[in-house]
file final_16.tsv (TSV, C-alpha atoms)
chain	number	residue	atom	x	y	z
E	1	GLN	CA	6.23	-7.64	17.61
E	2	VAL	CA	3.92	-6.62	14.80
E	3	GLN	CA	4.41	-8.41	11.51
E	4	LEU	CA	3.23	-7.02	8.20
E	5	VAL	CA	2.87	-9.31	5.20
E	6	GLU	CA	2.16	-7.91	1.76
E	7	SER	CA	0.93	-9.94	-1.19
E	8	GLY	CA	-0.74	-9.66	-4.57
E	9	GLY	CA	1.98	-8.17	-6.72
E	10	GLY	CA	3.03	-9.43	-10.11
E	11	LEU	CA	4.06	-8.70	-13.66
E	12	VAL	CA	1.30	-7.07	-15.70
E	13	GLN	CA	0.90	-5.11	-18.88
E	14	PRO	CA	0.05	-1.40	-18.92
E	15	GLY	CA	-3.64	-0.86	-18.31
E	16	ALA	CA	-4.05	-3.96	-16.19
E	17	SER	CA	-5.23	-4.17	-12.59
E	18	LEU	CA	-3.85	-5.69	-9.41
E	19	ARG	CA	-5.17	-5.94	-5.87
E	20	LEU	CA	-2.60	-5.84	-3.11
E	21	SER	CA	-3.26	-7.09	0.39
E	22	CYS	CA	-1.52	-6.41	3.66
E	23	ALA	CA	-2.09	-8.59	6.68
E	24	ALA	CA	-1.07	-7.39	10.12
E	25	SER	CA	-0.44	-9.77	13.01
E	26	THR	CA	-2.32	-7.50	15.39
E	27	SER	CA	-5.17	-5.03	15.08
E	28	ILE	CA	-2.96	-2.00	14.57
E	29	PHE	CA	-5.03	-0.71	11.70
E	30	LYS	CA	-8.06	-0.33	13.97
E	31	LEU	CA	-6.15	2.25	15.98
E	32	LYS	CA	-3.91	3.96	13.46
E	33	ALA	CA	-4.08	5.28	9.94
E	34	ALA	CA	-2.75	2.77	7.45
E	35	GLY	CA	-0.75	3.44	4.35
E	36	TRP	CA	0.59	1.82	1.23
E	37	TYR	CA	4.08	2.88	0.25
E	38	ARG	CA	6.23	2.07	-2.73
E	39	GLN	CA	9.89	2.19	-3.56
E	40	ALA	CA	11.20	2.13	-7.09
E	41	PRO	CA	14.84	1.30	-7.87
E	42	GLY	CA	17.08	4.22	-7.03
E	43	LYS	CA	14.27	6.21	-5.45
E	44	GLU	CA	13.11	6.87	-1.92
E	45	ARG	CA	10.09	5.17	-0.45
E	46	GLU	CA	6.95	7.24	-0.95
E	47	LEU	CA	3.47	7.15	0.51
E	48	VAL	CA	1.00	6.22	-2.20
E	49	ALA	CA	-2.29	5.98	-0.33
E	50	GLU	CA	-3.54	6.28	3.21
E	51	ILE	CA	-6.74	5.55	5.07
E	52	THR	CA	-7.56	6.95	8.48
E	53	THR	CA	-9.44	5.24	11.28
E	54	LEU	CA	-12.49	7.18	10.06
E	55	ASP	CA	-11.97	5.79	6.54
E	56	ILE	CA	-10.85	9.10	5.11
E	57	THR	CA	-8.53	8.41	2.21
E	58	ASN	CA	-5.75	10.38	0.57
E	59	TYR	CA	-3.68	9.57	-2.49
E	60	LEU	CA	-0.50	10.56	-4.22
E	61	ASP	CA	-1.51	12.82	-7.11
E	62	SER	CA	-0.11	10.42	-9.70
E	63	VAL	CA	-2.42	7.59	-8.59
E	64	LYS	CA	-5.62	9.51	-7.89
E	65	GLY	CA	-8.56	8.03	-9.76
E	66	ARG	CA	-6.67	4.78	-10.39
E	67	PHE	CA	-5.87	3.39	-6.94
E	68	THR	CA	-8.27	2.70	-4.08
E	69	ILE	CA	-7.25	1.87	-0.54
E	70	SER	CA	-9.58	0.01	1.80
E	71	ARG	CA	-9.44	-1.73	5.15
E	72	ASP	CA	-11.00	-4.77	6.79
E	73	ASN	CA	-10.69	-4.32	10.53
E	74	ALA	CA	-12.12	-7.74	11.27
E	75	LYS	CA	-9.25	-9.36	9.38
E	76	ASN	CA	-6.55	-6.79	10.24
E	77	THR	CA	-5.96	-6.24	6.56
E	78	VAL	CA	-5.56	-3.30	4.23
E	79	HIS	CA	-5.98	-3.54	0.48
E	80	LEU	CA	-4.88	-1.48	-2.49
E	81	GLN	CA	-6.86	-1.86	-5.69
E	82	MET	CA	-4.73	-0.63	-8.56
E	83	ASN	CA	-6.33	-0.03	-11.94
E	84	SER	CA	-5.01	1.34	-15.21
E	85	LEU	CA	-1.47	0.51	-14.17
E	86	LYS	CA	1.38	2.38	-15.81
E	87	PRO	CA	5.07	1.50	-16.17
E	88	GLU	CA	5.89	4.25	-13.67
E	89	ASP	CA	3.93	2.31	-11.05
E	90	THR	CA	6.65	-0.32	-11.07
E	91	ALA	CA	8.03	-0.65	-7.56
E	92	VAL	CA	8.06	-2.74	-4.42
E	93	TYR	CA	4.92	-1.97	-2.46
E	94	TYR	CA	4.80	-1.98	1.34
E	95	CYS	CA	2.20	-1.29	3.98
E	96	ASN	CA	2.64	0.30	7.36
E	97	VAL	CA	1.10	2.90	9.60
E	98	VAL	CA	1.20	6.48	8.43
E	99	SER	CA	2.56	8.18	11.53
E	100	LYS	CA	5.95	7.46	13.03
E	101	PRO	CA	7.15	5.35	14.66
E	102	TYR	CA	6.69	2.79	11.91
E	103	TYR	CA	6.46	-0.89	12.60
E	104	SER	CA	9.08	-3.19	11.13
E	105	TRP	CA	8.72	-3.20	7.37
E	106	GLY	CA	7.61	-6.38	5.67
E	107	GLN	CA	9.23	-7.87	2.62
E	108	GLY	CA	6.95	-5.97	0.30
E	109	THR	CA	5.37	-7.18	-2.90
E	110	GLN	CA	6.85	-6.47	-6.32
E	111	VAL	CA	4.69	-4.79	-8.92
E	112	THR	CA	6.11	-4.66	-12.42
E	113	VAL	CA	4.19	-2.98	-15.23
E	114	SER	CA	5.71	-3.68	-18.60
E	115	SER	CA	4.68	-4.55	-22.12

call {"tool": "encode", "arguments": {"input": "final_16.tsv", "output": "structure tokens"}}
result
Amino acid sequence: QVQLVESGGGLVQPGASLRLSCAASTSIFKLKAAGWYRQAPGKERELVAEITTLDITNYLDSVKGRFTISRDNAKNTVHLQMNSLKPEDTAVYYCNVVSKPYYSWGQGTQVTVSS
């Protein structure tokens, strides 16, 4: 069973940066497009950024120019560099594949942006 472990979240002030990491227990990201999702309290989970197996990236409009997704196939990891963070970026961030069926969701990593 594939395990996904997210890390790198924290409490930061507006304008700060964070780098999230997602480690997969198998090389799923070599074969499938990977995505970072987030879920804010009271809201549905949404896809924030994705990267295809050809390294084509797409972003939610609200994070374009601020977030960058990348992958390291050798380490089965996907990263999300988040710059110029805003309070509305506050959420639990998860990684998974982009196309269904999803793998079991990890515990996520909390990102809180507050002054």

call {"tool": "residues_around", "arguments": {"input": "final_16.tsv", "residues": "segment 45-47 of chain E", "least_positions_apart": "3", "cutoff": "9 Å", "atoms": "only C-alpha atoms", "output": "VMD selection string"}}
result
chain E and resid 35 to 40 50 59 to 60 98

call {"tool": "closest_residue", "arguments": {"input": "final_16.tsv", "among": "E:Asn96, E:Ser104, E:Ser84, E:Thr90", "to": "Gly10 of chain E", "atoms": "only C-alpha atoms"}}
result
E:Thr90

call {"tool": "atom_distance", "arguments": {"input": "final_16.tsv", "atom1": "atom CA of Ala23 of chain E", "atom2": "atom CA of Glu6 of chain E"}}
result
6.5 Å

call {"tool": "residues_around", "arguments": {"input": "final_16.tsv", "residues": "Val113 of chain E", "least_positions_apart": "5", "cutoff": "7 Å", "atoms": "only C-alpha atoms", "output": "PyMOL selection string"}}
result
chain E and resi 11-14+85-87+89-90

call {"tool": "atom_distance", "arguments": {"input": "final_16.tsv", "atom1": "atom CA of Lys64 of chain E", "atom2": "atom CA of Val2 of chain E"}}
result
29.4 Å

call {"tool": "closest_residue", "arguments": {"input": "final_16.tsv", "among": "E:Cys22, E:Val48, E:Val111, E:Tyr102", "to": "Ser7 of chain E", "atoms": "all atoms listed in the file"}}
result
E:Cys22

call {"tool": "closest_residue", "arguments": {"input": "final_16.tsv", "among": "E:Gly106, E:Gly42, E:Gly15, E:Pro101", "to": "Asn83 of chain E", "atoms": "all atoms listed in the file"}}
result
E:Gly15

call {"tool": "residues_near_point", "arguments": {"input": "final_16.tsv", "point": "(8.3, -9.0, 3.5)", "cutoff": "9 Å", "atoms": "only C-alpha atoms", "output": "PyMOL selection string"}}
result
chain E and resi 3-7+94+105-109

call {"tool": "atom_distance", "arguments": {"input": "final_16.tsv", "atom1": "atom CA of Tyr103 of chain E", "atom2": "atom CA of Thr77 of chain E"}}
result
14.8 Å

call {"tool": "closest_residue", "arguments": {"input": "final_16.tsv", "among": "E:Thr53, E:Met82, E:Leu20, E:Glu88", "to": "Phe67 of chain E", "atoms": "only C-alpha atoms"}}
result
E:Met82

call {"tool": "axis_aligned_box", "arguments": {"input": "final_16.tsv", "around": "segment 1-11 of chain E", "padding_each_side": "6 Å", "output": "JSON"}}
result
{"center_x": 2.7, "center_y": -8.3, "center_z": 2.0, "size_x": 19.0, "size_y": 15.3, "size_z": 43.3}

call {"tool": "closest_atom_pairs", "arguments": {"input": "final_16.tsv", "of": "segment 70-115 of chain E", "to": "segment 27-31 of chain E", "cutoff": "9 Å", "atoms": "all atoms listed in the file", "output": "CSV"}}
result
residue,atom,partner,partner_atom,distance
E:Arg71,CA,E:Phe29,CA,8.0
E:Asp72,CA,E:Phe29,CA,8.7
E:Asn73,CA,E:Lys30,CA,5.9
E:Ala74,CA,E:Ser27,CA,8.4
E:Lys75,CA,E:Ser27,CA,8.2
E:Asn76,CA,E:Ser27,CA,5.3
E:Thr77,CA,E:Phe29,CA,7.6
E:Val78,CA,E:Phe29,CA,7.9
E:Asn96,CA,E:Phe29,CA,8.9
E:Val97,CA,E:Phe29,CA,7.4
